[in-house]
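Text of structure_10.cif (mmCIF, C-alpha atoms) as supplied:
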data_model
#
loop_
_atom_site.group_PDB
_atom_site.id
_atom_site.type_symbol
_atom_site.label_atom_id
_atom_site.label_comp_id
_atom_site.auth_asym_id
_atom_site.auth_seq_id
_atom_site.Cartn_x
_atom_site.Cartn_y
_atom_site.Cartn_z
ATOM 1 C CA MET A 288 -40.698 49.855 28.416
ATOM 2 C CA THR A 289 -40.441 50.629 24.718
ATOM 3 C CA ASN A 290 -37.261 50.390 22.660
ATOM 4 C CA VAL A 291 -36.592 50.551 18.935
ATOM 5 C CA ARG A 292 -34.933 47.861 16.876
ATOM 6 C CA THR A 293 -33.295 48.707 13.577
ATOM 7 C CA PHE A 294 -32.993 46.182 10.744
ATOM 8 C CA GLU A 295 -30.143 45.952 8.211
ATOM 9 C CA THR A 296 -32.453 47.594 5.675
ATOM 10 C CA GLY A 297 -32.818 50.662 7.873
ATOM 11 C CA ALA A 298 -36.420 49.861 8.746
ATOM 12 C CA THR A 299 -37.321 50.264 12.405
ATOM 13 C CA ARG A 300 -39.904 48.660 14.667
ATOM 14 C CA ASP A 301 -40.650 49.248 18.286
ATOM 15 C CA ILE A 302 -39.984 46.632 20.915
ATOM 16 C CA ASP A 303 -42.914 46.914 23.282
ATOM 17 C CA PHE A 304 -42.709 44.350 26.047
ATOM 18 C CA SER A 305 -46.329 45.003 27.007
ATOM 19 C CA LYS A 306 -47.623 43.508 23.734
ATOM 20 C CA TYR A 307 -49.116 40.035 24.002
ATOM 21 C CA GLU A 308 -47.200 37.307 22.188
ATOM 22 C CA TYR A 309 -50.128 35.212 20.981
ATOM 23 C CA ALA A 310 -47.944 32.921 18.866
ATOM 24 C CA GLY A 311 -46.062 31.939 22.002
ATOM 25 C CA PHE A 312 -49.101 31.661 24.274
ATOM 26 C CA LEU A 313 -51.218 29.522 21.977
ATOM 27 C CA SER A 314 -50.609 26.153 20.353
ATOM 28 C CA PRO A 315 -51.579 25.867 16.675
ATOM 29 C CA VAL A 316 -52.183 22.141 17.014
ATOM 30 C CA VAL A 317 -54.527 22.689 19.970
ATOM 31 C CA LEU A 318 -56.389 25.414 18.064
ATOM 32 C CA GLU A 319 -56.677 23.039 15.104
ATOM 33 C CA ALA A 320 -58.076 20.326 17.399
ATOM 34 C CA PHE A 321 -60.488 22.866 18.862
ATOM 35 C CA GLY A 322 -61.593 23.898 15.377
ATOM 36 C CA ALA A 323 -62.217 20.264 14.423
ATOM 37 C CA TYR A 324 -64.175 19.702 17.639
ATOM 38 C CA MET A 325 -66.239 22.844 17.098
ATOM 39 C CA HIS A 326 -66.939 21.886 13.494
ATOM 40 C CA GLU A 327 -68.267 18.507 14.625
ATOM 41 C CA CYS A 328 -70.444 20.284 17.214
ATOM 42 C CA ARG A 329 -71.953 22.467 14.468
ATOM 43 C CA LYS A 330 -73.620 19.461 12.891
ATOM 44 C CA THR A 331 -77.334 19.200 13.667
ATOM 45 C CA PRO A 332 -80.053 16.927 12.271
ATOM 46 C CA THR A 333 -81.077 19.788 9.954
ATOM 47 C CA GLY A 334 -77.581 20.824 8.795
ATOM 48 C CA LEU A 335 -74.762 23.033 10.015
ATOM 49 C CA ARG A 336 -75.397 25.818 12.498
ATOM 50 C CA LYS A 337 -73.317 28.976 12.107
ATOM 51 C CA SER A 338 -69.855 28.711 13.626
ATOM 52 C CA ASP A 339 -70.458 31.764 15.817
ATOM 53 C CA ASN A 340 -73.903 30.675 16.996
ATOM 54 C CA TRP A 341 -72.676 30.363 20.593
ATOM 55 C CA GLN A 342 -71.819 34.082 20.619
ATOM 56 C CA LEU A 343 -75.536 34.895 20.504
ATOM 57 C CA GLY A 344 -75.574 34.138 24.220
ATOM 58 C CA ILE A 345 -75.576 31.113 26.486
ATOM 59 C CA PRO A 346 -76.266 31.553 30.221
ATOM 60 C CA LEU A 347 -73.296 31.267 32.574
ATOM 61 C CA GLU A 348 -75.058 28.465 34.436
ATOM 62 C CA VAL A 349 -75.132 26.378 31.252
ATOM 63 C CA TYR A 350 -71.417 26.938 30.647
ATOM 64 C CA SER A 351 -70.700 26.031 34.263
ATOM 65 C CA GLN A 352 -72.762 22.842 34.247
ATOM 66 C CA SER A 353 -71.455 21.681 30.885
ATOM 67 C CA GLY A 354 -67.883 22.572 31.796
ATOM 68 C CA MET A 355 -68.142 20.533 34.979
ATOM 69 C CA ARG A 356 -69.393 17.501 33.046
ATOM 70 C CA HIS A 357 -66.445 17.784 30.632
ATOM 71 C CA PHE A 358 -64.028 18.252 33.537
ATOM 72 C CA MET A 359 -65.407 15.096 35.190
ATOM 73 C CA ASP A 360 -64.923 13.181 31.924
ATOM 74 C CA LEU A 361 -61.345 14.417 31.629
ATOM 75 C CA TRP A 362 -60.681 13.459 35.240
ATOM 76 C CA LYS A 363 -62.138 9.989 34.664
ATOM 77 C CA ILE A 364 -59.966 9.550 31.567
ATOM 78 C CA GLN A 365 -56.916 10.604 33.580
ATOM 79 C CA ARG A 366 -57.810 7.867 36.080
ATOM 80 C CA GLY A 367 -58.106 5.213 33.351
ATOM 81 C CA TYR A 368 -61.859 5.216 32.765
ATOM 82 C CA THR A 369 -63.523 5.633 29.382
ATOM 83 C CA THR A 370 -66.131 8.221 28.475
ATOM 84 C CA ASP A 371 -68.633 8.472 25.656
ATOM 85 C CA ASP A 372 -67.122 11.527 23.979
ATOM 86 C CA GLY A 373 -63.504 10.541 24.649
ATOM 87 C CA GLU A 374 -60.512 12.656 25.489
ATOM 88 C CA LEU A 375 -60.961 15.104 22.618
ATOM 89 C CA GLY A 376 -64.595 15.756 23.494
ATOM 90 C CA ALA A 377 -63.774 16.151 27.178
ATOM 91 C CA SER A 378 -60.793 18.474 26.749
ATOM 92 C CA MET A 379 -62.155 20.599 23.920
ATOM 93 C CA GLY A 380 -65.604 20.728 25.544
ATOM 94 C CA LEU A 381 -63.992 22.076 28.714
ATOM 95 C CA LEU A 382 -62.034 24.638 26.693
ATOM 96 C CA PHE A 383 -65.209 25.739 24.896
ATOM 97 C CA ASN A 384 -67.092 26.239 28.140
ATOM 98 C CA VAL A 385 -64.292 28.229 29.762
ATOM 99 C CA MET A 386 -64.027 30.470 26.696
ATOM 100 C CA GLY A 387 -67.796 30.848 26.558
ATOM 101 C CA TRP A 388 -67.905 31.816 30.245
ATOM 102 C CA VAL A 389 -65.262 34.516 29.781
ATOM 103 C CA HIS A 390 -66.929 35.721 26.571
ATOM 104 C CA GLU A 391 -70.237 36.213 28.392
ATOM 105 C CA ARG A 392 -68.569 37.983 31.325
ATOM 106 C CA ILE A 393 -66.806 40.457 29.008
ATOM 107 C CA LYS A 394 -69.918 40.915 26.867
ATOM 108 C CA ALA A 395 -72.041 41.715 29.935
ATOM 109 C CA ASP A 396 -69.430 44.004 31.496
ATOM 110 C CA PRO A 397 -66.610 45.260 29.251
ATOM 111 C CA GLU A 398 -64.664 46.441 32.342
ATOM 112 C CA TRP A 399 -64.742 42.940 33.848
ATOM 113 C CA PHE A 400 -61.526 41.907 32.109
ATOM 114 C CA ARG A 401 -59.602 45.006 33.258
ATOM 115 C CA ARG A 402 -60.699 44.497 36.890
ATOM 116 C CA GLU A 403 -59.967 40.776 36.858
ATOM 117 C CA LEU A 404 -56.572 41.277 35.236
ATOM 118 C CA GLU A 405 -55.614 43.782 37.920
ATOM 119 C CA LYS A 406 -56.734 41.349 40.668
ATOM 120 C CA TYR A 407 -54.663 38.633 39.028
ATOM 121 C CA ARG A 408 -51.613 40.892 38.753
ATOM 122 C CA VAL A 409 -51.755 41.564 42.503
ATOM 123 C CA TYR A 410 -52.203 37.839 43.224
ATOM 124 C CA ARG A 411 -49.372 36.880 40.863
ATOM 125 C CA ALA A 412 -46.965 39.432 42.363
ATOM 126 C CA ALA A 413 -47.662 38.033 45.843
ATOM 127 C CA GLU A 414 -47.201 34.487 44.558
ATOM 128 C CA LEU A 415 -43.847 35.328 42.971
ATOM 129 C CA GLU A 416 -42.699 37.078 46.143
ATOM 130 C CA ALA A 417 -43.673 34.023 48.221
ATOM 131 C CA ARG A 418 -41.760 31.746 45.852
ATOM 132 C CA LYS A 419 -38.708 33.990 46.076
ATOM 133 C CA LYS A 420 -38.838 33.821 49.883
ATOM 134 C CA ALA A 421 -39.326 30.048 49.819
ATOM 135 C CA ASP A 422 -36.240 29.643 47.624
ATOM 136 C CA VAL A 423 -34.221 31.810 50.026
ATOM 137 C CA ILE A 424 -35.357 29.749 53.014
ATOM 138 C CA ARG A 425 -34.232 26.457 51.454
#
Could you take the file, read its structure, and then write that structure out as structure tokens?
Amino acid sequence: MTNVRTFETGATRDIDFSKYEYAGFLSPVVLEAFGAYMHECRKTPTGLRKSDNWQLGIPLEVYSQSGMRHFMDLWKIQRGYTTDDGELGASMGLLFNVMGWVHERIKADPEWFRRELEKYRVYRAAELEARKKADVIR
């Protein structure tokens, strides 16, 4: 659904409800924390590696294994235990591995995202319908 909005100046812009609202979906403070985490991870004994080094390719298995370790750390922290890399390392490490996984999937198969989004839309529609029915039953 596309509409047009008109400003007092006479300028017009479309209102396209299919456009993603990144500013609403993302948190600037989380992205800043992620940037700080990633900058720390760039540091090597020989200097800084390039910030986009990970985009050269890391196997899915590595993302999966590393992501699981970070998830376990986050779970332990949630249960009151301490971990070596702390809450920031656990949470941002998990975020990095999830993003890396999706990056590799899209890079290997550009249609992957379209297919997965369609599967999710079907799932989400069924979930919303089930919730609507559950609310009616109560």
May I have the protein, DNA and RNA residues with any atom at most 8 Å from the point (-70.2, 31.0, 25.6), counting all atoms listed in the file, written as JSON, numbers by chain? {"A": [341, 342, 344, 345, 346, 347, 350, 383, 384, 385, 386, 387, 388, 389, 390, 391]}
Correct to one decimal, the distance atom CA of Leu343 of chain A-atom CA of Lys394 of chain A is 10.4 Å
Need to verify the contact set: Met379 of chain A, 8 Å, all atoms listed in the file, exclusion of same-chain residues closer than 6 positions in sequence. Can you return it as number ranges by chain? A: 320-321, 324
Mind writing the picked residues with C-alpha atoms as a PDB file, keeping the file's coordinate frame?
ATOM      1  CA  ALA A 320     -58.076  20.326  17.399  1.00  0.00           C
ATOM      2  CA  PHE A 321     -60.488  22.866  18.862  1.00  0.00           C
ATOM      3  CA  TYR A 324     -64.175  19.702  17.639  1.00  0.00           C
TER       4      TYR A 324
END
Measure the distance from atom CA of Asp371 of chain A to atom CA of Gln352 of chain A in Å and round it to one decimal. 17.2 Å
Can you measure atom CA of Met359 of chain A to atom CA of Gly380 of chain A for me? One decimal in Å is fine. 11.2 Å
Applied to the shown file, which residues does the PyMOL selection byres ((chain A and resi 375) around 12) return, written as a PDB file with C-alpha atoms, in the coordinates of the input?
ATOM      1  CA  VAL A 317     -54.527  22.689  19.970  1.00  0.00           C
ATOM      2  CA  GLU A 319     -56.677  23.039  15.104  1.00  0.00           C
ATOM      3  CA  ALA A 320     -58.076  20.326  17.399  1.00  0.00           C
ATOM      4  CA  PHE A 321     -60.488  22.866  18.862  1.00  0.00           C
ATOM      5  CA  GLY A 322     -61.593  23.898  15.377  1.00  0.00           C
ATOM      6  CA  ALA A 323     -62.217  20.264  14.423  1.00  0.00           C
ATOM      7  CA  TYR A 324     -64.175  19.702  17.639  1.00  0.00           C
ATOM      8  CA  MET A 325     -66.239  22.844  17.098  1.00  0.00           C
ATOM      9  CA  GLU A 327     -68.267  18.507  14.625  1.00  0.00           C
ATOM     10  CA  HIS A 357     -66.445  17.784  30.632  1.00  0.00           C
ATOM     11  CA  PHE A 358     -64.028  18.252  33.537  1.00  0.00           C
ATOM     12  CA  ASP A 360     -64.923  13.181  31.924  1.00  0.00           C
ATOM     13  CA  LEU A 361     -61.345  14.417  31.629  1.00  0.00           C
ATOM     14  CA  ILE A 364     -59.966   9.550  31.567  1.00  0.00           C
ATOM     15  CA  THR A 369     -63.523   5.633  29.382  1.00  0.00           C
ATOM     16  CA  THR A 370     -66.131   8.221  28.475  1.00  0.00           C
ATOM     17  CA  ASP A 371     -68.633   8.472  25.656  1.00  0.00           C
ATOM     18  CA  ASP A 372     -67.122  11.527  23.979  1.00  0.00           C
ATOM     19  CA  GLY A 373     -63.504  10.541  24.649  1.00  0.00           C
ATOM     20  CA  GLU A 374     -60.512  12.656  25.489  1.00  0.00           C
ATOM     21  CA  GLY A 376     -64.595  15.756  23.494  1.00  0.00           C
ATOM     22  CA  ALA A 377     -63.774  16.151  27.178  1.00  0.00           C
ATOM     23  CA  SER A 378     -60.793  18.474  26.749  1.00  0.00           C
ATOM     24  CA  MET A 379     -62.155  20.599  23.920  1.00  0.00           C
ATOM     25  CA  GLY A 380     -65.604  20.728  25.544  1.00  0.00           C
ATOM     26  CA  LEU A 381     -63.992  22.076  28.714  1.00  0.00           C
ATOM     27  CA  LEU A 382     -62.034  24.638  26.693  1.00  0.00           C
ATOM     28  CA  PHE A 383     -65.209  25.739  24.896  1.00  0.00           C
TER      29      PHE A 383
END
Using only C-alpha atoms, which of A:Arg411, A:His326, A:Arg300, A:Arg401 sits nearest Asn340 of chain A? A:His326
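Using the PyMOL selection byres ((chain A and resi 301) around 12) on this structure selects Met288, Thr289, Asn290, Val291, Arg292, Thr293, Phe294, Ala298, Thr299, Arg300, Ile302, Asp303, Phe304, Ser305 and Lys306 of chain A.
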